[in-house]
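Enquirer: One structure coming up, written as structure tokens, with questions to follow.
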Amino acid sequence: MKEVVKIELNGEEIEVKKGATLLSIARERHVYIPTLCHNDALEPYGVCRMCLVEIEERGRMRVVTSCNYPAKEGLKVKTDTERVVLTRNVVIELLLARAPENEEIKKLAEFYGVKGGRLELVNDECILCGMCVRTCDEVVGVKALGFANRGIDRVPATPFMESSETCIGCGSCVYVCPTGYIKMRDENGKRYIENWKVELELSRCESCGAYIAPKRQLDYIRNLADLPEDFYNLCWNCR
Ligand code: SF4
Ligand code: FES
């Protein structure tokens with residue numbers, strides 16, 4: 001059984017599992033903390049800094065990222081102090097400068113009443129949260145993506161920015177991306193993911209002819225799982 005510790009969350013003393021992240025503890029108690037690089041299916045990453053909270057530990061106050069900060073005995077946590085709000089607003093302003101046209105970032109800025117305009121605009125939809133790269137590695141197990149370049153030129157990319165030989169076209173990166181930066185479309189029997197220069201043939205349902213998934217994705221699953229052949233040859237409706 002996991003060890004239990006006592007912490008304070010917004011002034012309320014609670015018992016929680018030692019080591020549980022402050023974000024998970026807050027969420028269990030319906031305390032809202034915004035996040036942009038967190039997903040329960042992925043290891044905590046701690047880069048977007050949206051999930052800031054203020055903690056008091058051994059008399060010392062500081063702001064930390066709640067998605068990867070573990071609960072410890074005696075910790076006092078506050079989710080909406082002036083320091084948290086000010087720091088979070090700076091983070092939102094930076095995001096707004098990086099992705100000024102992005103609807104998700106604009107909504108976030110509006111929600112928190114943050115106005116842009118003070119910083120030089122980068123105009124990139126990608127906020128470098130790494131969700132696409134991590135999902136491809138940790139959930140799909142393909143590792144088709146990584147980061148290329150440094151500093152302001154850093155981007156998620158396939159190796160050498162070439163058409164990926166390993167991408168199976170599952171679209172997981174598209175679904176997790178919080179900004180809609182990754183563009184995928186199915187057209188004329190092919191799946192295209194423009195960002196990764198991927199063009200993959202789609203497999204058709206042997207019964208109704210509907211497109212099921214990229215052939216490469218089905219082959220990938222076939223190598224991993226012992227599923228009935230119908231899974232690969234028929235669409236969801238005809239199985
Ligand atoms: S492409 Fe999307 S998921 Fe990937 S790092 Fe950029 S914003 Fe995050
Ligand atoms: S959600 Fe914690 S740093 Fe992004």
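Here's how to read the names in the structure tokens: chain A, B, ... by the order shown, residue numbers from 1 in each chain, ligand numbers from 1 in the order shown.
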Residues within 8 Å of ligand 1 should be enumerated using only C-alpha atoms and all ligand atoms and returned as a list in words.
Expert: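 I would give the residues around ligand 1 as Cys37, Glu125, Cys126, Ile127, Leu128, Cys129, Gly130, Met131, Cys132, Val133, Val155, Pro156, Cys173, Val174, Val176, Cys177, Pro178, Thr179, Gly180, Tyr181 and Ile182 of chain A.
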Enquirer: Taking the backbone alone, and naming residues the way the document does, which bits of region 26-179 of chain A are alpha helix (DSSP H) by DSSP, as an MDAnalysis selection string?
Expert: chainID A and resid 26:28 82:98 103:111 131:134 172:176
Enquirer: List as number ranges by chain the protein and nucleic acid residues near Val5 (chain A), meaning an atom at most 8 Å away when only C-alpha atoms are counted, but skip any in the same chain fewer than 5 places from it.
Expert: A: 15-18, 71-74
Enquirer: Just N, CA, C and O atoms for this one: save the residues we selected as a CSV table (one decimal), in the first residue's frame.
Expert:
chain,number,residue,atom,x,y,z
A,15,GLU,N,-5.4,14.2,3.1
A,15,GLU,CA,-4.5,13.1,3.0
A,15,GLU,C,-4.4,12.6,1.6
A,15,GLU,O,-5.4,12.4,1.0
A,16,VAL,N,-3.2,12.4,1.1
A,16,VAL,CA,-3.0,12.0,-0.3
A,16,VAL,C,-1.9,11.0,-0.3
A,16,VAL,O,-1.1,10.8,0.6
A,17,LYS,N,-1.8,10.3,-1.5
A,17,LYS,CA,-0.7,9.4,-1.7
A,17,LYS,C,0.6,10.1,-1.8
A,17,LYS,O,0.7,11.0,-2.6
A,18,LYS,N,1.6,9.7,-1.1
A,18,LYS,CA,2.9,10.3,-1.2
A,18,LYS,C,3.4,10.1,-2.7
A,18,LYS,O,3.3,9.0,-3.2
A,71,ALA,N,3.7,15.1,-4.2
A,71,ALA,CA,3.2,15.4,-2.8
A,71,ALA,C,4.1,14.9,-1.8
A,71,ALA,O,4.6,13.7,-1.8
A,72,LYS,N,4.4,15.8,-0.8
A,72,LYS,CA,5.3,15.4,0.3
A,72,LYS,C,4.6,15.8,1.6
A,72,LYS,O,3.9,16.8,1.6
A,73,GLU,N,5.0,15.2,2.7
A,73,GLU,CA,4.4,15.5,4.0
A,73,GLU,C,4.6,17.0,4.3
A,73,GLU,O,5.7,17.6,4.1
A,74,GLY,N,3.5,17.7,4.7
A,74,GLY,CA,3.6,19.0,5.2
A,74,GLY,C,3.5,20.1,4.1
A,74,GLY,O,3.6,21.3,4.4
Enquirer: In Å, rounded to a single decimal, give me how far CA of Phe147 (chain A) is from CA of Glu194 (chain A).
Expert: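 We find that CA of Glu194 (chain A) and CA of Phe147 (chain A) lie 16.4 Å from each other.
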Enquirer: Residues of chain A that have any atom at most 9 Å from an atom of ligand 2: could you tabulate them with the shortest-distance atom pair and the distance in Å to one decimal, using only C-alpha atoms and all ligand atoms, ordered by chain and increasing number, as CSV?
Expert:
residue,atom,partner,partner_atom_place_in_ligand_line,distance
A:Leu23,CA,ligand 2,2 (Fe),8.0
A:Ile33,CA,ligand 2,1 (S),8.7
A:Pro34,CA,ligand 2,1 (S),7.2
A:Thr35,CA,ligand 2,1 (S),4.0
A:Leu36,CA,ligand 2,4 (Fe),5.0
A:Cys37,CA,ligand 2,4 (Fe),4.0
A:His38,CA,ligand 2,1 (S),4.4
A:Asn39,CA,ligand 2,1 (S),8.0
A:Pro44,CA,ligand 2,2 (Fe),7.2
A:Tyr45,CA,ligand 2,3 (S),6.4
A:Gly46,CA,ligand 2,3 (S),3.3
A:Val47,CA,ligand 2,3 (S),4.4
A:Cys48,CA,ligand 2,4 (Fe),3.8
A:Arg49,CA,ligand 2,3 (S),3.8
A:Met50,CA,ligand 2,4 (Fe),5.4
A:Cys51,CA,ligand 2,2 (Fe),4.5
A:Leu52,CA,ligand 2,2 (Fe),7.0
A:Val64,CA,ligand 2,3 (S),8.9
A:Thr65,CA,ligand 2,2 (Fe),5.1
A:Ser66,CA,ligand 2,2 (Fe),5.9
A:Cys67,CA,ligand 2,2 (Fe),4.3
A:Asn68,CA,ligand 2,2 (Fe),6.7
A:Cys129,CA,ligand 2,4 (Fe),7.2
Enquirer: Which residues, written as a PyMOL selection string, have at least one atom at most 10 Å from Arg185 (chain A), with only C-alpha atoms counted and residues fewer than 5 positions away on the same chain left out?
Expert: chain A and resi 171+190-194+199
Enquirer: Tell me, in Å to one decimal, how far CA of Ala210 (chain A) is from CA of Cys235 (chain A).
Expert: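 Calculated distance between CA of Ala210 (chain A) and CA of Cys235 (chain A) is 6.8 Å.
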Enquirer: Would you kindly return, as a list in words, each protein, DNA or RNA residue with an atom no farther than 8 Å from any atom of region 217-220 of chain A, considering only C-alpha atoms and excluding same-chain residues fewer than 5 positions away?
Expert: Ile168, Gly169, Cys170 and Tyr232 of chain A
Enquirer: One decimal, Å: what's the distance from CA of Lys183 (chain A) over to CA of Trp196 (chain A), could you say?
Expert: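 Value for the CA of Lys183 (chain A)-CA of Trp196 (chain A) distance: 9.2 Å.
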Enquirer: Determine the nearest neighbour of Arg27 (chain A) from the options A:Thr79, A:Ile105, A:Glu56, A:Val122, counting only C-alpha atoms.
Expert: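 Using only C-alpha atoms, the shortest distance to Arg27 (chain A) belongs to A:Thr79.
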Enquirer: What's around Arg239 (chain A) at 12 Å? Count only C-alpha atoms, leave out sequence neighbours fewer than 5 positions away in its own chain, and write the answer as a list in words.
Expert: Cys205, Glu206, Ser207, Cys208, Ile212, Pro228, Glu229, Asp230, Phe231, Tyr232, Asn233 and Leu234 of chain A
Enquirer: Of the residues A:Ile152, A:Ala213, A:Cys167, A:Leu22, which is the one nearest to Leu121 (chain A), using only C-alpha atoms?
Expert: A:Ile152
Enquirer: DSSP on the backbone: which residues in region 20-215 of chain A end up as strand (DSSP E)? Give the answer as a PyMOL selection string.
Expert: chain A and resi 52-57+60-65+76-78+146-148+155-157+184-187+190-193+198-204+211-214
Enquirer: Leaving out region 89-93 of chain A and any residue of its chain fewer than 5 positions from it, which residues lie within 9 Å of it when counting only C-alpha atoms, given as a ChimeraX atom specification?
Expert: /A:48-50,84,98,105,108-109,112-119
Enquirer: Given the choices A:Lys197, A:Cys136, A:Asp186, A:Glu43, which gets closest to Phe160 (chain A) if the distance is worked out from only C-alpha atoms?
Expert: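 Of all the options, A:Lys197 lies closest to Phe160 (chain A).
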